[in-house]
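> I have a structure I would like to understand better, so I am pasting it below and will then ask my questions one at a time.
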Amino acid sequence: MKVVAITGYRPHELGIFKADHPGIEIIQEAYRRKIVEAIELGGEWFIFSGTNGCELWAGQVLLELRETYPIKIAVFPPFLEMEERYKPYEQELFIQLQLEADFFEPLTQRPYEDPSQLRAKTAFFLDKAAGLISLFDEETGGSPRFLVEGAKRKQHMELFLITPEDLRVIEEEKQWEQQWE
């Protein structure tokens, strides 16, 4: 498993509307743990589209982990100018990833036109990746549903799902640590 795709929820799907929301740190820790697990199983390239929310937060984690692990980062937005719809702090993260990724290439060389660009993105990631990391709640579905369901149907796809229970455990661990500091 050399190529691992990353996806997850958008901020509004999680009720996160500020850059300093405390849940972001917990989500990033969950992605950190799954990314390290994927690295230990042979993950070398980590690919994602750069959508705001989980993908940008995981992108920050990848940049940090790249200092310790010999991983590569590739960002494939589904269309040009995707970040223009983002809040300023999200645009900064997107631009940082664009500049610091090992590879950056929009999948279509035109701005958003229709949902076919998003379906093409899903097909691209399912074709290229042998693993998928995602924050996903089976009961909620949401934006990561298409990639997660496609990955479940693909033979030999390694799934690294982050569940709401995983987030609760990390939050409890952080509270426990703070209690003893």
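Each chain in the structure tokens gets a letter, A, B and so on, in the order shown; residues start at 1 in every chain, and ligands are counted from 1 in the order they appear.
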Give the strand (DSSP E) residues of segment 16-178 of chain A, as assigned by DSSP on the backbone, as a PyMOL selection string.

chain A and resi 45-48+72-75+103-104+131-135+158-162

> Could you check the closest approach to His12 of chain A for each of A:Tyr86, A:Phe103, A:Phe125, A:Trp176 and tell me which residue wins, using only C-alpha atoms?

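Nearest candidate to His12 of chain A out of A:Tyr86, A:Phe103, A:Phe125, A:Trp176: A:Tyr86.
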
> I'd like the contact shell of segment 80-85 of chain A - 12 Å cut-off, only C-alpha atoms, skipping same-chain residues fewer than 4 positions apart - returned as a PyMOL selection string.

chain A and resi 49-53+56+76+89-98+104-113+117-118

> Which residues, written as a list in words, have at least one atom at most 8 Å from segment 4-7 of chain A, with only C-alpha atoms counted and residues fewer than 5 positions away on the same chain left out?

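The residues that qualify are Ala38, Gly43, Glu44, Trp45, Phe46, Ile47, Phe48, Ser49, Cys54, Glu55, Ala58, Phe125, Ala129, Ala130, Gly131, Leu132, Ile133, Ser134, Leu135, Pro144 and Leu147 of chain A.
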
> Hey, what's within 10 Å of Ile24 of chain A if we count only C-alpha atoms and toss same-chain stuff fewer than 4 positions away? As a PyMOL selection string, please?

chain A and resi 11+14+16+18-20+28-30+53-54+57-58

> Filtering to N, CA, C and O atoms, could you give me those residues as a PDB file, in the first residue's frame?


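Produced file again.pdb, reproduced below:
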```
ATOM      1  N   PRO A  11     -16.040  21.651   7.447  1.00  0.00           N
ATOM      2  CA  PRO A  11     -16.218  22.246   8.781  1.00  0.00           C
ATOM      3  C   PRO A  11     -17.687  22.398   9.192  1.00  0.00           C
ATOM      4  O   PRO A  11     -18.044  22.092  10.329  1.00  0.00           O
ATOM      5  N   LEU A  14     -19.398  19.508  10.764  1.00  0.00           N
ATOM      6  CA  LEU A  14     -18.967  19.196  12.127  1.00  0.00           C
ATOM      7  C   LEU A  14     -19.333  20.302  13.116  1.00  0.00           C
ATOM      8  O   LEU A  14     -19.014  20.205  14.305  1.00  0.00           O
ATOM      9  N   ILE A  16     -18.055  23.304  13.038  1.00  0.00           N
ATOM     10  CA  ILE A  16     -16.833  24.057  13.311  1.00  0.00           C
ATOM     11  C   ILE A  16     -16.804  25.267  12.375  1.00  0.00           C
ATOM     12  O   ILE A  16     -16.794  25.117  11.155  1.00  0.00           O
ATOM     13  N   LYS A  18     -14.791  28.276  13.353  1.00  0.00           N
ATOM     14  CA  LYS A  18     -13.660  29.142  13.686  1.00  0.00           C
ATOM     15  C   LYS A  18     -12.360  28.359  13.590  1.00  0.00           C
ATOM     16  O   LYS A  18     -12.318  27.167  13.867  1.00  0.00           O
ATOM     17  N   ALA A  19     -11.289  29.068  13.261  1.00  0.00           N
ATOM     18  CA  ALA A  19      -9.978  28.437  13.130  1.00  0.00           C
ATOM     19  C   ALA A  19      -9.438  27.927  14.455  1.00  0.00           C
ATOM     20  O   ALA A  19      -8.597  27.030  14.472  1.00  0.00           O
ATOM     21  N   ASP A  20      -9.923  28.468  15.569  1.00  0.00           N
ATOM     22  CA  ASP A  20      -9.407  28.060  16.876  1.00  0.00           C
ATOM     23  C   ASP A  20     -10.360  27.135  17.630  1.00  0.00           C
ATOM     24  O   ASP A  20     -10.252  26.982  18.846  1.00  0.00           O
ATOM     25  N   GLN A  28      -7.197  16.479  14.415  1.00  0.00           N
ATOM     26  CA  GLN A  28      -5.843  16.337  13.886  1.00  0.00           C
ATOM     27  C   GLN A  28      -5.088  15.203  14.571  1.00  0.00           C
ATOM     28  O   GLN A  28      -4.339  14.479  13.913  1.00  0.00           O
ATOM     29  N   GLU A  29      -5.281  15.033  15.865  1.00  0.00           N
ATOM     30  CA  GLU A  29      -4.633  13.926  16.567  1.00  0.00           C
ATOM     31  C   GLU A  29      -5.133  12.590  16.036  1.00  0.00           C
ATOM     32  O   GLU A  29      -4.357  11.650  15.872  1.00  0.00           O
ATOM     33  N   ALA A  30      -6.428  12.509  15.743  1.00  0.00           N
ATOM     34  CA  ALA A  30      -6.983  11.266  15.189  1.00  0.00           C
ATOM     35  C   ALA A  30      -6.374  10.972  13.819  1.00  0.00           C
ATOM     36  O   ALA A  30      -5.997   9.827  13.532  1.00  0.00           O
ATOM     37  N   GLY A  53     -11.789  21.866   5.912  1.00  0.00           N
ATOM     38  CA  GLY A  53     -12.173  20.945   6.972  1.00  0.00           C
ATOM     39  C   GLY A  53     -11.119  19.876   7.169  1.00  0.00           C
ATOM     40  O   GLY A  53      -9.921  20.161   7.186  1.00  0.00           O
ATOM     41  N   CYS A  54     -11.567  18.646   7.281  1.00  0.00           N
ATOM     42  CA  CYS A  54     -10.675  17.531   7.628  1.00  0.00           C
ATOM     43  C   CYS A  54      -9.475  17.400   6.698  1.00  0.00           C
ATOM     44  O   CYS A  54      -8.375  17.088   7.147  1.00  0.00           O
ATOM     45  N   TRP A  57      -6.958  20.101   7.567  1.00  0.00           N
ATOM     46  CA  TRP A  57      -6.374  19.817   8.885  1.00  0.00           C
ATOM     47  C   TRP A  57      -5.436  18.622   8.809  1.00  0.00           C
ATOM     48  O   TRP A  57      -4.363  18.635   9.410  1.00  0.00           O
ATOM     49  N   ALA A  58      -5.811  17.594   8.060  1.00  0.00           N
ATOM     50  CA  ALA A  58      -4.924  16.438   7.872  1.00  0.00           C
ATOM     51  C   ALA A  58      -3.683  16.851   7.090  1.00  0.00           C
ATOM     52  O   ALA A  58      -2.588  16.336   7.341  1.00  0.00           O
TER      53      ALA A  58
END
```

> Contacts of Ile170 of chain A at 9 Å or less, counting only C-alpha atoms, minus same-chain residues fewer than 4 places along, as a PyMOL selection string?

chain A and resi 26-27+29-30+165-166+174-175

> Filtering to all heavy atoms, could you give me those residues as a PDB file, in the first residue's frame?


```
ATOM      1  N   ILE A  26      -8.319  17.803  18.269  1.00  0.00           N
ATOM      2  CA  ILE A  26      -8.685  16.402  18.494  1.00  0.00           C
ATOM      3  C   ILE A  26      -8.762  15.662  17.163  1.00  0.00           C
ATOM      4  O   ILE A  26      -8.255  14.549  17.021  1.00  0.00           O
ATOM      5  CB  ILE A  26     -10.019  16.326  19.275  1.00  0.00           C
ATOM      6  CG1 ILE A  26      -9.792  16.853  20.703  1.00  0.00           C
ATOM      7  CG2 ILE A  26     -10.561  14.902  19.296  1.00  0.00           C
ATOM      8  CD1 ILE A  26     -11.043  17.160  21.465  1.00  0.00           C
ATOM      9  N   ILE A  27      -9.371  16.301  16.172  1.00  0.00           N
ATOM     10  CA  ILE A  27      -9.466  15.702  14.837  1.00  0.00           C
ATOM     11  C   ILE A  27      -8.075  15.490  14.252  1.00  0.00           C
ATOM     12  O   ILE A  27      -7.776  14.433  13.689  1.00  0.00           O
ATOM     13  CB  ILE A  27     -10.345  16.573  13.922  1.00  0.00           C
ATOM     14  CG1 ILE A  27     -11.808  16.508  14.396  1.00  0.00           C
ATOM     15  CG2 ILE A  27     -10.216  16.154  12.459  1.00  0.00           C
ATOM     16  CD1 ILE A  27     -12.718  17.556  13.780  1.00  0.00           C
ATOM     17  N   GLU A  29      -5.281  15.033  15.865  1.00  0.00           N
ATOM     18  CA  GLU A  29      -4.633  13.926  16.567  1.00  0.00           C
ATOM     19  C   GLU A  29      -5.133  12.590  16.036  1.00  0.00           C
ATOM     20  O   GLU A  29      -4.357  11.650  15.872  1.00  0.00           O
ATOM     21  CB  GLU A  29      -4.852  14.026  18.077  1.00  0.00           C
ATOM     22  CG  GLU A  29      -4.236  12.882  18.863  1.00  0.00           C
ATOM     23  CD  GLU A  29      -2.729  12.738  18.696  1.00  0.00           C
ATOM     24  OE1 GLU A  29      -2.029  13.751  18.418  1.00  0.00           O
ATOM     25  OE2 GLU A  29      -2.230  11.597  18.826  1.00  0.00           O
ATOM     26  N   ALA A  30      -6.428  12.509  15.743  1.00  0.00           N
ATOM     27  CA  ALA A  30      -6.983  11.266  15.189  1.00  0.00           C
ATOM     28  C   ALA A  30      -6.374  10.972  13.819  1.00  0.00           C
ATOM     29  O   ALA A  30      -5.997   9.827  13.532  1.00  0.00           O
ATOM     30  CB  ALA A  30      -8.506  11.372  15.087  1.00  0.00           C
ATOM     31  N   GLU A 165     -16.388   7.651  18.159  1.00  0.00           N
ATOM     32  CA  GLU A 165     -15.847   7.052  19.388  1.00  0.00           C
ATOM     33  C   GLU A 165     -14.342   7.315  19.503  1.00  0.00           C
ATOM     34  O   GLU A 165     -13.832   7.601  20.595  1.00  0.00           O
ATOM     35  CB  GLU A 165     -16.133   5.547  19.420  1.00  0.00           C
ATOM     36  CG  GLU A 165     -15.599   4.841  20.649  1.00  0.00           C
ATOM     37  CD  GLU A 165     -16.173   5.339  21.972  1.00  0.00           C
ATOM     38  OE1 GLU A 165     -17.295   5.896  21.990  1.00  0.00           O
ATOM     39  OE2 GLU A 165     -15.482   5.178  23.002  1.00  0.00           O
ATOM     40  N   ASP A 166     -13.616   7.232  18.393  1.00  0.00           N
ATOM     41  CA  ASP A 166     -12.177   7.544  18.402  1.00  0.00           C
ATOM     42  C   ASP A 166     -11.945   8.969  18.896  1.00  0.00           C
ATOM     43  O   ASP A 166     -11.030   9.228  19.683  1.00  0.00           O
ATOM     44  CB  ASP A 166     -11.567   7.393  17.005  1.00  0.00           C
ATOM     45  CG  ASP A 166     -11.568   5.972  16.498  1.00  0.00           C
ATOM     46  OD1 ASP A 166     -11.463   5.034  17.318  1.00  0.00           O
ATOM     47  OD2 ASP A 166     -11.686   5.795  15.257  1.00  0.00           O
ATOM     48  N   LYS A 174      -6.893  13.733  26.373  1.00  0.00           N
ATOM     49  CA  LYS A 174      -6.399  15.109  26.511  1.00  0.00           C
ATOM     50  C   LYS A 174      -6.858  15.714  27.841  1.00  0.00           C
ATOM     51  O   LYS A 174      -6.081  16.397  28.514  1.00  0.00           O
ATOM     52  CB  LYS A 174      -6.835  15.966  25.337  1.00  0.00           C
ATOM     53  CG  LYS A 174      -6.097  15.618  24.066  1.00  0.00           C
ATOM     54  CD  LYS A 174      -6.272  16.698  23.021  1.00  0.00           C
ATOM     55  CE  LYS A 174      -5.438  16.393  21.811  1.00  0.00           C
ATOM     56  NZ  LYS A 174      -4.008  16.452  22.072  1.00  0.00           N
ATOM     57  N   GLN A 175      -8.091  15.458  28.215  1.00  0.00           N
ATOM     58  CA  GLN A 175      -8.595  15.955  29.497  1.00  0.00           C
ATOM     59  C   GLN A 175      -7.823  15.335  30.656  1.00  0.00           C
ATOM     60  O   GLN A 175      -7.489  16.006  31.628  1.00  0.00           O
ATOM     61  CB  GLN A 175     -10.092  15.674  29.631  1.00  0.00           C
ATOM     62  CG  GLN A 175     -10.942  16.527  28.721  1.00  0.00           C
ATOM     63  CD  GLN A 175     -12.403  16.110  28.734  1.00  0.00           C
ATOM     64  OE1 GLN A 175     -12.775  15.090  29.296  1.00  0.00           O
ATOM     65  NE2 GLN A 175     -13.243  16.913  28.084  1.00  0.00           N
TER      66      GLN A 175
END
```

> Please run DSSP on the backbone and report, as number ranges by chain, all residues within segment 49-105 of chain A that come out as helix (DSSP H, G or I).

A: 54-65, 82-85, 88-100

> For atom CA of Glu172 of chain A and atom CA of Asp137 of chain A, determine how far apart the two atoms are, in Å to one decimal place.

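It comes out at 19.0 Å.
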
> Need to verify the contact set: Arg33 of chain A, 10 Å, only C-alpha atoms, exclusion of same-chain residues closer than 6 positions in sequence. Can you return it as a PDB file with C-alpha atoms, in the first residue's frame?


```pdb
ATOM      1  CA  ILE A  39       3.021   4.743   7.186  1.00  0.00           C
ATOM      2  CA  VAL A  61      -0.539  16.987  10.100  1.00  0.00           C
ATOM      3  CA  PHE A 160      -8.513   3.627   8.218  1.00  0.00           C
ATOM      4  CA  ILE A 162     -11.866   7.559  12.353  1.00  0.00           C
TER       5      ILE A 162
END
```

> Counting only C-alpha atoms, which of A:Glu25, A:Arg66, A:Val3, A:Thr163 gets nearest to Asp127 of chain A?

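Closest to Asp127 of chain A of all the choices is A:Val3.
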
> Please, what distance in Å, to one decimal, runs between atom CA of Arg10 of chain A and atom CA of Gly141 of chain A?

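For atom CA of Arg10 of chain A relative to atom CA of Gly141 of chain A, the distance reads 11.9 Å.
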